[in-house]
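Everything below belongs to data.tsv, which stores TSV, C-alpha atoms.
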chain	number	residue	atom	x	y	z
A	8	MET	CA	-5.22	20.61	12.56
A	9	ILE	CA	-2.48	20.50	9.91
A	10	ILE	CA	-0.81	17.09	9.66
A	11	ALA	CA	1.99	15.69	7.52
A	12	GLY	CA	1.24	12.14	6.40
A	13	VAL	CA	4.27	10.10	5.34
A	14	MET	CA	4.38	6.81	3.44
A	15	SER	CA	7.17	4.69	2.01
A	16	GLY	CA	5.79	1.52	0.48
A	17	THR	CA	6.91	-1.94	-0.51
A	18	SER	CA	8.29	-0.67	-3.81
A	19	ALA	CA	11.00	1.10	-1.75
A	20	ASP	CA	11.27	3.83	-4.37
A	21	GLY	CA	11.07	6.76	-1.95
A	22	ILE	CA	8.92	8.84	0.36
A	23	ASP	CA	5.45	10.29	-0.25
A	24	VAL	CA	4.38	13.25	1.88
A	25	ALA	CA	0.90	14.78	2.06
A	26	LEU	CA	0.14	17.96	4.00
A	27	VAL	CA	-3.47	17.81	5.15
A	28	ARG	CA	-5.81	20.01	7.16
A	29	VAL	CA	-8.15	17.73	9.12
A	30	LEU	CA	-11.43	18.57	10.85
A	31	GLY	CA	-14.18	16.53	12.47
A	32	ARG	CA	-14.21	13.28	14.36
A	33	GLY	CA	-14.37	9.56	13.69
A	34	PHE	CA	-15.77	8.49	10.34
A	35	ASN	CA	-17.19	11.99	9.80
A	36	LEU	CA	-13.78	13.55	9.22
A	37	ARG	CA	-13.28	16.21	6.58
A	38	PHE	CA	-9.93	17.12	5.13
A	39	GLU	CA	-8.27	19.54	2.74
A	40	LEU	CA	-5.14	18.50	0.88
A	41	LEU	CA	-2.72	21.45	1.06
A	42	GLY	CA	-0.09	19.78	-1.11
A	43	HIS	CA	1.94	16.65	-1.61
A	44	GLY	CA	5.25	15.46	-3.02
A	45	HIS	CA	7.33	12.39	-3.77
A	46	PHE	CA	11.01	12.24	-2.82
A	47	ASP	CA	13.18	9.45	-4.21
A	48	TYR	CA	15.47	7.52	-1.92
A	49	PRO	CA	19.15	8.01	-2.77
A	50	GLU	CA	20.30	4.92	-4.68
A	51	LYS	CA	22.43	3.63	-1.80
A	52	VAL	CA	19.53	4.02	0.63
A	53	GLN	CA	17.16	2.14	-1.66
A	54	LYS	CA	19.67	-0.70	-1.92
A	55	ALA	CA	20.01	-0.79	1.88
A	56	VAL	CA	16.21	-0.88	2.32
A	57	LEU	CA	15.77	-3.66	-0.22
A	58	LYS	CA	18.61	-5.60	1.40
A	59	ALA	CA	16.92	-5.35	4.81
A	60	MET	CA	13.50	-6.45	3.57
A	61	ASN	CA	12.96	-10.08	4.47
A	62	ALA	CA	16.73	-10.62	4.73
A	63	ALA	CA	17.78	-14.10	5.81
A	64	SER	CA	20.74	-12.54	7.61
A	65	ILE	CA	21.60	-8.91	8.46
A	66	SER	CA	23.48	-7.30	11.34
A	67	VAL	CA	21.69	-5.61	14.21
A	68	ALA	CA	23.96	-2.60	13.68
A	69	GLU	CA	22.72	-2.17	10.08
A	70	LEU	CA	19.08	-2.32	11.19
A	71	ALA	CA	19.67	0.23	13.95
A	72	ARG	CA	21.46	2.62	11.57
A	73	LEU	CA	18.75	2.24	8.95
A	74	ASN	CA	16.09	3.06	11.55
A	75	PHE	CA	17.74	6.37	12.46
A	76	LEU	CA	18.72	7.19	8.87
A	77	LEU	CA	15.14	6.85	7.65
A	78	GLY	CA	13.96	9.07	10.49
A	79	GLU	CA	16.32	11.78	9.21
A	80	LEU	CA	15.16	11.29	5.61
A	81	TYR	CA	11.48	11.43	6.57
A	82	ALA	CA	12.04	14.71	8.41
A	83	GLU	CA	13.91	16.16	5.40
A	84	ALA	CA	11.12	15.09	3.04
A	85	ILE	CA	8.48	16.77	5.21
A	86	ARG	CA	10.52	20.00	5.28
A	87	LYS	CA	10.85	19.92	1.48
A	88	ALA	CA	7.09	19.37	1.11
A	89	GLN	CA	6.44	22.34	3.39
A	90	GLN	CA	8.75	24.54	1.31
A	91	ARG	CA	7.13	23.46	-1.97
A	92	THR	CA	3.64	24.22	-0.75
A	93	GLY	CA	4.36	27.24	1.41
A	94	THR	CA	3.00	25.45	4.47
A	95	ARG	CA	4.93	27.07	7.31
A	96	GLU	CA	3.65	25.13	10.27
A	97	ILE	CA	2.44	21.61	10.91
A	98	GLU	CA	1.07	20.34	14.21
A	99	LEU	CA	1.47	16.57	13.90
A	100	VAL	CA	3.13	13.91	11.74
A	101	GLY	CA	1.71	10.49	10.86
A	102	CYS	CA	4.50	8.25	9.55
A	103	HIS	CA	3.88	4.68	8.46
A	104	GLY	CA	7.60	3.86	8.24
A	105	GLN	CA	9.31	1.39	5.94
A	106	THR	CA	8.10	-2.19	6.31
A	107	ILE	CA	11.06	-4.54	6.43
A	108	TYR	CA	9.12	-7.58	7.62
A	109	HIS	CA	5.44	-8.44	7.90
A	110	GLN	CA	3.93	-11.75	9.00
A	111	GLY	CA	0.20	-11.26	9.14
A	112	ASP	CA	-0.70	-14.81	10.17
A	113	SER	CA	0.28	-16.41	13.46
A	114	ALA	CA	3.24	-18.78	13.32
A	115	PRO	CA	5.11	-20.69	16.06
A	116	TYR	CA	8.34	-19.25	17.48
A	117	LEU	CA	10.17	-20.53	20.56
A	118	GLY	CA	7.10	-22.12	22.09
A	119	LYS	CA	4.64	-19.30	21.32
A	120	LYS	CA	2.47	-18.61	18.29
A	121	PHE	CA	1.85	-15.06	17.07
A	122	ALA	CA	1.87	-12.65	14.12
A	123	CYS	CA	4.48	-9.89	13.91
A	124	THR	CA	5.61	-6.90	11.89
A	125	TRP	CA	8.40	-4.31	11.72
A	126	GLN	CA	8.21	-0.80	10.27
A	127	THR	CA	11.47	1.11	10.62
A	128	GLY	CA	12.09	4.87	10.64
A	129	GLU	CA	12.62	6.43	14.07
A	130	GLY	CA	9.71	8.65	15.11
A	131	SER	CA	11.72	10.34	17.87
A	132	VAL	CA	14.19	11.63	15.28
A	133	ILE	CA	11.38	13.11	13.16
A	134	ALA	CA	9.84	14.77	16.24
A	135	ALA	CA	13.18	16.25	17.31
A	136	ARG	CA	14.00	17.62	13.86
A	137	LEU	CA	10.58	19.17	13.21
A	138	GLY	CA	9.54	20.13	16.73
A	139	VAL	CA	6.12	18.43	16.57
A	140	PRO	CA	4.75	15.11	17.89
A	141	VAL	CA	4.90	12.07	15.61
A	142	VAL	CA	2.56	9.10	15.44
A	143	SER	CA	4.28	6.04	13.96
A	144	ASP	CA	4.29	2.23	14.12
A	145	PHE	CA	0.58	1.88	13.33
A	146	ARG	CA	0.30	-1.85	12.61
A	147	PRO	CA	1.17	-3.56	15.95
A	148	ALA	CA	-1.91	-2.34	17.85
A	149	ASP	CA	-4.20	-3.99	15.31
A	150	MET	CA	-2.15	-7.20	15.46
A	151	ALA	CA	-2.26	-7.22	19.26
A	152	ALA	CA	-6.06	-7.10	18.89
A	153	GLY	CA	-5.97	-10.23	16.72
A	154	GLY	CA	-5.74	-8.55	13.30
A	155	GLN	CA	-3.23	-8.83	10.49
A	156	GLY	CA	-2.01	-5.25	10.88
A	157	ALA	CA	-3.10	-4.39	7.34
A	158	PRO	CA	-4.69	-3.04	5.31
A	159	LEU	CA	-5.15	0.24	7.20
A	160	VAL	CA	-6.01	2.50	4.25
A	161	PRO	CA	-9.67	1.29	4.33
A	162	PHE	CA	-10.24	3.93	7.02
A	163	LEU	CA	-9.61	6.61	4.37
A	164	ASP	CA	-11.57	4.64	1.77
A	165	TYR	CA	-14.63	4.56	4.00
A	166	VAL	CA	-14.36	8.24	4.96
A	167	VAL	CA	-14.00	9.42	1.34
A	168	PHE	CA	-15.68	6.93	-0.96
A	169	ARG	CA	-18.74	5.52	0.84
A	170	HIS	CA	-21.98	6.36	-0.95
A	171	ARG	CA	-25.63	6.02	0.00
A	172	ARG	CA	-26.81	4.53	-3.27
A	173	ALA	CA	-23.71	3.09	-4.99
A	174	GLY	CA	-21.46	0.22	-3.98
A	175	ARG	CA	-17.80	0.97	-4.66
A	176	ILE	CA	-14.60	-1.05	-4.92
A	177	VAL	CA	-11.52	1.05	-4.19
A	178	GLN	CA	-8.30	-0.46	-5.59
A	179	ASN	CA	-4.80	0.69	-4.71
A	180	ILE	CA	-1.95	-0.63	-6.87
A	181	GLY	CA	1.37	-0.03	-5.16
A	182	GLY	CA	4.06	-2.65	-4.75
A	183	ILE	CA	1.23	-4.83	-3.46
A	184	ALA	CA	-2.35	-4.42	-4.72
A	185	ASN	CA	-5.18	-4.12	-2.22
A	186	LEU	CA	-8.85	-3.30	-2.37
A	187	SER	CA	-11.68	-2.04	-0.17
A	188	ALA	CA	-15.21	-3.12	-1.07
A	189	ILE	CA	-17.79	-0.69	0.33
A	190	PRO	CA	-21.45	-1.62	-0.25
A	191	ALA	CA	-24.05	1.12	-0.69
A	192	SER	CA	-24.97	2.73	2.66
A	193	ALA	CA	-22.40	0.51	4.37
A	194	ARG	CA	-21.57	0.62	8.04
A	195	PRO	CA	-17.84	0.34	8.88
A	196	GLU	CA	-18.24	-3.31	9.89
A	197	GLN	CA	-19.56	-4.11	6.39
A	198	VAL	CA	-16.37	-3.01	4.64
A	199	LEU	CA	-14.35	-5.87	3.16
A	200	ALA	CA	-10.67	-5.17	2.45
A	201	PHE	CA	-7.64	-7.29	1.67
A	202	ASP	CA	-4.47	-7.59	-0.40
A	203	THR	CA	-5.15	-9.13	-3.80
A	204	GLY	CA	-1.50	-9.99	-4.55
A	205	PRO	CA	1.32	-8.28	-6.45
A	206	GLY	CA	0.77	-4.80	-7.81
A	207	ASN	CA	3.93	-3.29	-9.28
A	208	MET	CA	6.34	-5.41	-7.26
A	209	VAL	CA	6.93	-8.34	-9.63
A	210	ILE	CA	6.79	-6.10	-12.73
A	211	ASP	CA	9.39	-3.73	-11.25
A	212	GLN	CA	11.77	-6.48	-10.16
A	213	LEU	CA	11.69	-8.19	-13.55
A	214	THR	CA	12.12	-4.85	-15.37
A	215	GLN	CA	15.20	-4.19	-13.24
A	216	LEU	CA	16.61	-7.65	-13.93
A	217	LEU	CA	15.93	-7.72	-17.68
A	218	PHE	CA	16.15	-4.07	-18.76
A	219	ASP	CA	18.16	-2.40	-15.98
A	220	LYS	CA	15.34	0.10	-15.52
A	221	PRO	CA	13.59	0.83	-12.21
A	222	PHE	CA	10.10	0.22	-13.63
A	223	ASP	CA	8.14	-0.16	-16.86
A	224	ARG	CA	7.23	3.48	-17.53
A	225	ASN	CA	3.62	3.76	-18.74
A	226	GLY	CA	3.65	-0.01	-19.38
A	227	ALA	CA	5.53	0.56	-22.65
A	228	ILE	CA	7.62	-2.63	-22.41
A	229	ALA	CA	4.61	-4.81	-21.56
A	230	GLY	CA	2.74	-3.20	-24.43
A	231	ARG	CA	5.32	-4.60	-26.89
A	232	GLY	CA	5.08	-8.14	-25.51
A	233	ARG	CA	2.57	-10.95	-25.53
A	234	ILE	CA	1.20	-12.85	-22.55
A	235	LEU	CA	2.67	-16.30	-21.93
A	236	GLU	CA	-0.61	-17.99	-21.03
A	237	PRO	CA	0.83	-21.33	-19.74
A	238	VAL	CA	3.17	-19.42	-17.40
A	239	LEU	CA	0.40	-17.13	-16.21
A	240	LYS	CA	-1.93	-20.05	-15.56
A	241	LYS	CA	0.74	-21.77	-13.49
A	242	MET	CA	1.60	-18.65	-11.43
A	243	LEU	CA	-2.08	-18.03	-10.67
A	244	ARG	CA	-2.17	-21.38	-8.84
A	245	ASN	CA	-0.22	-19.78	-5.98
A	246	PRO	CA	-2.17	-20.58	-2.77
A	247	PHE	CA	-2.30	-16.91	-1.77
A	248	PHE	CA	-4.70	-16.10	-4.60
A	249	HIS	CA	-7.17	-18.73	-3.38
A	250	GLN	CA	-6.93	-17.88	0.32
A	251	LYS	CA	-10.08	-16.25	1.69
A	252	PRO	CA	-9.76	-12.74	3.18
A	253	PRO	CA	-8.71	-11.14	5.41
A	254	LYS	CA	-5.19	-11.59	4.05
A	255	THR	CA	-2.06	-9.51	3.56
A	256	ALA	CA	0.99	-9.88	1.33
A	257	GLY	CA	4.42	-8.33	0.91
A	258	ARG	CA	7.92	-9.12	-0.26
A	259	GLU	CA	7.75	-12.25	1.87
A	260	GLU	CA	5.30	-13.66	-0.71
A	261	PHE	CA	6.11	-11.76	-3.92
A	262	GLY	CA	9.66	-10.47	-3.49
A	263	ARG	CA	13.03	-11.39	-4.98
A	264	GLU	CA	12.66	-15.16	-4.78
A	265	TYR	CA	9.20	-15.09	-6.36
A	266	ALA	CA	10.43	-12.87	-9.22
A	267	LYS	CA	13.37	-15.20	-9.90
A	268	ALA	CA	11.04	-18.23	-9.92
A	269	PHE	CA	8.74	-16.37	-12.31
A	270	LEU	CA	11.66	-15.67	-14.64
A	271	ARG	CA	12.78	-19.32	-14.57
A	272	ARG	CA	9.24	-20.39	-15.44
A	273	CYS	CA	9.38	-18.11	-18.53
A	274	GLY	CA	12.41	-19.98	-19.87
A	275	LYS	CA	13.86	-18.48	-23.06
A	276	ALA	CA	10.89	-16.23	-23.80
A	277	LYS	CA	11.41	-12.72	-25.13
A	278	LYS	CA	12.07	-10.20	-22.40
A	279	GLU	CA	9.07	-8.11	-23.40
A	280	ASP	CA	6.85	-11.20	-23.10
A	281	VAL	CA	8.06	-11.74	-19.54
A	282	ILE	CA	7.04	-8.20	-18.55
A	283	ALA	CA	3.70	-8.54	-20.36
A	284	THR	CA	3.00	-11.76	-18.44
A	285	ALA	CA	3.96	-10.20	-15.09
A	286	THR	CA	1.62	-7.30	-15.86
A	287	ALA	CA	-1.17	-9.74	-16.71
A	288	LEU	CA	-0.53	-11.52	-13.39
A	289	THR	CA	-1.41	-8.31	-11.55
A	290	ALA	CA	-4.52	-7.67	-13.67
A	291	ARG	CA	-5.89	-11.21	-13.49
A	292	SER	CA	-5.17	-11.76	-9.80
A	293	ILE	CA	-7.08	-8.54	-9.06
A	294	SER	CA	-10.03	-9.51	-11.25
A	295	ALA	CA	-10.08	-13.03	-9.77
A	296	ALA	CA	-10.15	-11.58	-6.25
A	297	ILE	CA	-13.08	-9.34	-7.17
A	298	ARG	CA	-14.93	-12.23	-8.83
A	299	ASP	CA	-14.24	-14.83	-6.12
A	300	PHE	CA	-14.47	-12.78	-2.92
A	301	VAL	CA	-16.37	-9.54	-3.59
A	302	VAL	CA	-18.75	-9.06	-6.43
A	303	LYS	CA	-22.14	-10.31	-7.33
A	304	LYS	CA	-23.12	-8.43	-10.46
A	305	GLY	CA	-25.11	-5.30	-9.70
A	306	GLU	CA	-24.00	-4.87	-6.07
A	307	TYR	CA	-21.17	-2.51	-6.97
A	308	ARG	CA	-21.10	0.30	-9.52
A	309	ASP	CA	-17.71	2.03	-9.38
A	310	TYR	CA	-14.19	0.61	-9.50
A	311	ILE	CA	-11.87	3.39	-8.27
A	312	VAL	CA	-8.13	2.96	-8.89
A	313	SER	CA	-5.14	4.68	-7.28
A	314	GLY	CA	-1.43	4.07	-6.71
A	315	GLY	CA	1.57	3.96	-9.02
A	316	GLY	CA	0.08	1.12	-11.04
A	317	SER	CA	-2.68	3.43	-12.27
A	318	ARG	CA	-0.07	5.16	-14.46
A	319	ASN	CA	0.78	1.88	-16.21
A	320	LEU	CA	-1.35	2.19	-19.35
A	321	THR	CA	-0.93	-1.45	-20.35
A	322	LEU	CA	-2.00	-2.63	-16.90
A	323	MET	CA	-5.00	-0.28	-16.94
A	324	LYS	CA	-6.05	-1.61	-20.36
A	325	MET	CA	-5.80	-5.20	-19.11
A	326	LEU	CA	-7.72	-4.35	-15.92
A	327	SER	CA	-10.45	-2.57	-17.86
A	328	GLN	CA	-10.94	-5.66	-20.00
A	329	GLU	CA	-10.93	-7.95	-16.98
A	330	ILE	CA	-13.53	-6.06	-14.93
A	331	ALA	CA	-15.86	-5.30	-17.84
A	332	ALA	CA	-17.76	-8.55	-17.26
A	333	SER	CA	-18.55	-7.43	-13.70
A	334	GLY	CA	-20.35	-4.32	-14.94
A	335	LEU	CA	-18.02	-2.01	-13.02
A	336	LYS	CA	-17.15	1.52	-14.14
A	337	LEU	CA	-13.40	2.21	-14.02
A	338	ARG	CA	-12.59	5.53	-12.34
A	339	HIS	CA	-9.55	7.15	-10.71
A	340	SER	CA	-9.24	8.47	-7.15
A	341	ASP	CA	-8.16	11.87	-8.53
A	342	GLU	CA	-11.79	12.43	-9.55
A	343	PHE	CA	-12.68	12.45	-5.84
A	344	GLY	CA	-9.96	14.89	-4.72
A	345	VAL	CA	-7.49	12.18	-3.70
A	346	PRO	CA	-4.43	12.26	-6.00
A	347	SER	CA	-3.29	8.75	-6.80
A	348	GLN	CA	0.31	9.32	-5.69
A	349	ALA	CA	-0.73	10.90	-2.39
A	350	LYS	CA	-3.51	8.58	-1.24
A	351	GLU	CA	-1.61	6.44	1.25
A	352	ALA	CA	0.20	9.46	2.72
A	353	ILE	CA	-3.18	11.17	3.20
A	354	ALA	CA	-4.45	8.01	4.90
A	355	PHE	CA	-1.68	8.11	7.53
A	356	ALA	CA	-2.34	11.78	8.19
A	357	LEU	CA	-5.96	10.86	8.99
A	358	LEU	CA	-4.92	7.85	11.07
A	359	ALA	CA	-2.49	10.02	13.05
A	360	TYR	CA	-5.33	12.46	13.71
A	361	GLN	CA	-7.49	9.59	14.97
A	362	THR	CA	-4.74	8.52	17.36
A	363	TRP	CA	-4.21	12.08	18.58
A	364	GLN	CA	-7.96	12.25	19.30
A	365	ARG	CA	-7.79	8.86	21.07
A	366	GLN	CA	-10.04	7.33	18.43
A	367	PRO	CA	-9.59	3.91	16.75
A	368	GLY	CA	-8.21	3.82	13.22
A	369	ASN	CA	-8.48	0.20	12.14
A	370	ILE	CA	-11.52	-1.37	10.53
A	371	PRO	CA	-11.76	-4.86	12.10
A	372	SER	CA	-13.71	-6.34	9.18
A	373	ALA	CA	-10.72	-5.41	6.96
A	374	THR	CA	-7.86	-6.59	9.17
A	375	GLY	CA	-9.53	-9.43	11.03
A	376	ALA	CA	-9.02	-7.78	14.44
A	377	LYS	CA	-11.36	-8.74	17.27
A	378	ARG	CA	-12.01	-5.09	18.16
A	379	ALA	CA	-11.36	-1.53	17.08
A	380	ALA	CA	-7.97	-0.23	18.26
A	381	ILE	CA	-6.22	3.10	18.69
A	382	LEU	CA	-3.20	2.75	16.43
A	383	GLY	CA	0.40	3.83	16.69
A	384	LYS	CA	2.93	5.14	19.16
A	385	ILE	CA	3.45	8.84	19.86
A	386	SER	CA	6.92	10.42	19.99
A	387	TYR	CA	6.76	13.79	21.77
A	388	VAL	CA	9.17	16.69	21.34

Give the structure from this file in structure tokens form.
Amino acid sequence: MIIAGVMSGTSADGIDVALVRVLGRGFNLRFELLGHGHFDYPEKVQKAVLKAMNAASISVAELARLNFLLGELYAEAIRKAQQRTGTREIELVGCHGQTIYHQGDSAPYLGKKFACTWQTGEGSVIAARLGVPVVSDFRPADMAAGGQGAPLVPFLDYVVFRHRRAGRIVQNIGGIANLSAIPASARPEQVLAFDTGPGNMVIDQLTQLLFDKPFDRNGAIAGRGRILEPVLKKMLRNPFFHQKPPKTAGREEFGREYAKAFLRRCGKAKKEDVIATATALTARSISAAIRDFVVKKGEYRDYIVSGGGSRNLTLMKMLSQEIAASGLKLRHSDEFGVPSQAKEAIAFALLAYQTWQRQPGNIPSATGAKRAAILGKISYV
């Protein structure tokens, strides 16, 4: 079955599409990546998405329009990916959508207590434009089963990276950083996965504020700065970093307000030093999560990195230094046939396939759900 997986993450920089041929069933899936591509949001769309994320106040009309607009853009991106790769026909789409709000932990509201989430991007529009069914809105089914709705990529991590003799930690660094820890010969219920904190999110926001650039390309700005250790030490006291998994994070925790507070804490420091310190925050929060919640030396061999952050050379240098003490070997997902940029899109192609086969796609030990759940809602043609 040929499936288009679609992902637009917390960085809100655009749309990733992966075209995947999937065979098999359950955790014994096999897949072939036919091609993938990234398609930037138009500047006005990116601004509208960022405005909607965790907004204190926004009109219902804007949210409704954004939902349908993103559906159109997702469909266009899939068509462009098909044209680039020469893939004429697809049979199914798996679209994560754009998260505009995520509350993984239960909180009281009008006399009830519950967790909630919202991924926008109308699946019915995608189905109508492409003429194939669409699976979307994956997170709520896990949350209804008592989970946090994320992370969901551990399904892919287990399918691809599990190994009989070697324990592996699989790290994705997108806007938010998250990991999957897979012991040697692990069963699905032995997988531990959680968000470690900010990935590129704080770095990107500060680079935009201080340098009017969308991100720190290759980590060049951070490479010219020095780490403000007192600031870093203070920011690492954030309660999220000490919270035991399962746990999830987003712009609610590390968005605009957090970045502004970070900048105020830096005072009159050089701009390059601010970016270097934000980069170190990502590296040290990841290494602390591995040390505190995952690793006992010798249990894990490989540390496999993916996501946009893997192209930040300064961040990778910092991470390499941080994990050296754990005896882990730094590797990249590309070595295993999973291109870094396409990993999450591939994951939602596989999760859509699971749903189409009426098979669960969450890993309860990763999300905290009480049971396995079939994820998503299907929009038919």

Among listed residues A:Ala296, A:Ala11, A:Val29, A:Ile210, nearest Leu137 in chain A (using all atoms listed in the file):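 Ranked by minimum distance to Leu137 in chain A, first place goes to A:Ala11.
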
Write out as number ranges by chain which residues come within 12 Å of Val24 in chain A when counting all atoms listed in the file, dropping same-chain ones fewer than 6 positions away. A: 10-16, 40-47, 80-89, 91-92, 100-104, 346, 348-356

Could you please determine the separation between CA of Pro253 in chain A and CA of Ser187 in chain A in Å, to one decimal place?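 Taking CA of Pro253 in chain A and CA of Ser187 in chain A, their separation equals 11.1 Å.
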
Counting all atoms listed in the file, which of A:Glu279, A:Asp341, A:Asp202, A:Asp164 gets nearest to Thr214 in chain A?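 Closest to Thr214 in chain A, using all atoms listed in the file: A:Glu279.
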
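With only C-alpha atoms as the atoms that count, the residue of A:Gly154, A:Gly274, A:Gly375, A:Gly93 with the shortest distance to Phe121 in chain A is A:Gly154.
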
Please report the interatomic distance between CA of Val238 in chain A and CA of Pro205 in chain A in Å with one decimal.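 CA of Pro205 in chain A lies at a distance of 15.7 Å from CA of Val238 in chain A.
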
Point-to-point distance in Å for CA of Arg32 in chain A and CA of Gln364 in chain A: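 About the pair CA of Gln364 in chain A and CA of Arg32 in chain A: they are 8.0 Å apart.
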
Considering all atoms listed in the file, return as a list in words whatever protein or nucleic-acid residues lie within 8 Å of Gln366 in chain A, sequence-local ones (same chain, fewer than 5 positions apart) excluded. Gly33, Gln361, Ala380 and Ile381 of chain A

Please write the residues from the selection above to a file, keeping C-alpha atoms, as a PDB file, in the frame of the given file.
ATOM      1  CA  GLY A  33     -14.370   9.560  13.690  1.00  0.00           C
ATOM      2  CA  GLN A 361      -7.490   9.590  14.970  1.00  0.00           C
ATOM      3  CA  ALA A 380      -7.970  -0.230  18.260  1.00  0.00           C
ATOM      4  CA  ILE A 381      -6.220   3.100  18.690  1.00  0.00           C
TER       5      ILE A 381
END

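Using all atoms listed in the file, the smallest distance between any of A:Phe300, A:Phe248, A:Tyr360, A:Trp125 and Pro147 in chain A comes from A:Trp125.
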
A:Thr127, A:Ser372, A:Ser143, A:Ser347 ranked by distance to Glu69 in chain A, top pick (using all atoms listed in the file):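 Answer, going by the shortest atom-to-atom distance: A:Thr127.
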
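Residue nearest Ile370 in chain A, chosen from A:Glu259, A:Asp211, A:Glu129, A:Glu196 and counting only C-alpha atoms: A:Glu196.
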
Return the padded bounding box of range 34-38 of chain A as JSON: axis-aligned, built from all atoms listed in the file, 5 Å added on each side, with centre and edge lengths in Å to one decimal.
{"center_x": -13.6, "center_y": 12.8, "center_z": 7.7, "size_x": 17.3, "size_y": 18.6, "size_z": 15.2}

Selection: 9 Å around Glu260 in chain A, all atoms listed in the file, excl. self and same-chain fewer than 2 positions, as a list in words: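 Near Glu260 in chain A, the qualifying residues are Gly204, Pro205, Phe247, Ala256, Gly257, Arg258, Gly262, Glu264 and Tyr265 of chain A.
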
Would you mind exporting C-alpha atoms of the selected residues as a PDB file, in the coordinates of the input?
ATOM      1  CA  GLY A 204      -1.500  -9.990  -4.550  1.00  0.00           C
ATOM      2  CA  PRO A 205       1.320  -8.280  -6.450  1.00  0.00           C
ATOM      3  CA  PHE A 247      -2.300 -16.910  -1.770  1.00  0.00           C
ATOM      4  CA  ALA A 256       0.990  -9.880   1.330  1.00  0.00           C
ATOM      5  CA  GLY A 257       4.420  -8.330   0.910  1.00  0.00           C
ATOM      6  CA  ARG A 258       7.920  -9.120  -0.260  1.00  0.00           C
ATOM      7  CA  GLY A 262       9.660 -10.470  -3.490  1.00  0.00           C
ATOM      8  CA  GLU A 264      12.660 -15.160  -4.780  1.00  0.00           C
ATOM      9  CA  TYR A 265       9.200 -15.090  -6.360  1.00  0.00           C
TER      10      TYR A 265
END
